[in-house]
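**Q** Take a look at the following structure, please.
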Amino acid sequence: MPIIQCKVCGLGKACPDEFDPAKYYDASYFNGSRPDGYSNYVEGKSVLQDHFQQELNLLKKLGANGGELLEIGCACGYFLEVAKNHYHINGLEICEDAVADANARDQEPFVV
C-alpha cells in the first residue's frame, strides 16, 4: 500500500488502491468481529465517553465554547452525547448499525 508524505510537515497518509469506506466501516468494525476494528464499541461506551470528555475540555480550553459542532464519522454518537450540553450537535455516519444505535438513544446522526 503506497504512503504519501507531506514534504513540509512529514505527515503521512496510506493510500490503498481499493478502499471503500462503506464496506470497511460496517457493523464488524464496531462489534469485535474484525481484528482491525473495535473489540466492542458499545460496551466501551463509558471509557470512550471519558476520553471524549477530555477532548471536549480541550476544545473549550482552546476557545470553542459553544455554537455548531459537526462530527464526521460519529459512530454511535457517544461524543455528541457528551457535547450536546455545550454545542448544537450534528453527526454523520455511514454504518447503518451505528446510526440505529444512536437513534435509539435520541441522537441524530445521518447515514451518508
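Going by the C-alpha cells order, chains are called A, B, ..., each with residues numbered from 1, while ligands are numbered from 1 in the order shown.
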Applying 12 Å and only C-alpha atoms, which residues near Tyr29 in chain A remain after dropping the ones on its own chain fewer than 6 positions away? List them as a short mmCIF file (atom, residue, chain, number, x, y, z; two decimals) with C-alpha atoms, in the first residue's frame.
**A**
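Contents of around25.cif, freshly written:
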data_model
loop_
_atom_site.label_atom_id
_atom_site.label_comp_id
_atom_site.auth_asym_id
_atom_site.auth_seq_id
_atom_site.Cartn_x
_atom_site.Cartn_y
_atom_site.Cartn_z
CA PRO A 21 -15.35 3.26 3.42
CA ALA A 22 -18.91 1.90 3.37
CA LYS A 23 -17.59 -1.66 3.29
CA PRO A 35 -9.05 -7.69 14.13
CA ASP A 36 -8.59 -4.11 12.87
CA GLY A 37 -11.70 -2.61 14.48
CA TYR A 38 -13.03 -2.05 17.98
CA SER A 39 -13.35 -5.06 20.29
CA ASN A 40 -16.85 -3.85 21.26
CA TYR A 41 -17.65 -0.19 20.73
CA VAL A 42 -21.00 -0.30 22.57
CA ALA A 75 -20.27 6.10 15.14
CA ILE A 94 -22.08 5.62 7.22
CA CYS A 95 -22.51 2.48 9.34
CA GLU A 96 -26.25 1.86 9.48
CA ASP A 97 -25.98 -0.23 12.68
CA ALA A 98 -24.17 2.60 14.47
#
**Q** Could you write out, as a list of chain:residue names, all the residues of chain A that DSSP marks as strand (DSSP E or B)?
**A**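 So the strand (DSSP E or B) residues in chain A would be A:Ile3, A:Ile4, A:Gln5, A:Gly12, A:Lys13, A:Ala14, A:Glu68, A:Leu69, A:Leu70, A:Glu71, A:Ile72, A:His88, A:Ile89, A:Asn90, A:Gly91, A:Leu92, A:Glu93, A:Pro109, A:Phe110, A:Val111.
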**Q** Can you work out the spacing between CA of Asn103 in chain A and CA of Cys76 in chain A in Å, to one decimal?
**A** 8.3 Å
**Q** What does the distance between CA of Asn31 in chain A and CA of Gly44 in chain A come to in Å, to one decimal place?
**A**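 For CA of Asn31 in chain A relative to CA of Gly44 in chain A, the distance reads 10.5 Å.
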**Q** Please list as a count of residues only every residue within 10 Å of range 64-72 of chain A, counting only C-alpha atoms and excluding residues in the same chain fewer than 6 positions away.
**A** 20
**Q** Write out as a ChimeraX atom specification all residues of chain A that backbone DSSP assigns to alpha helix (DSSP H).
**A** /A:21-24,27-31,45-61,78-83,96-104
**Q** What gap, in Å, lies between CA of Asp101 in chain A and CA of Tyr78 in chain A?
**A**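 CA of Asp101 in chain A sits 10.2 Å away from CA of Tyr78 in chain A.
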**Q** Nearest to Ala27 in chain A among A:Cys74, A:Cys9, A:Leu48, A:Val99, with distances taken over only C-alpha atoms: which residue is it?
**A**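 Of A:Cys74, A:Cys9, A:Leu48, A:Val99, the one nearest Ala27 in chain A, counting only C-alpha atoms, is A:Val99.
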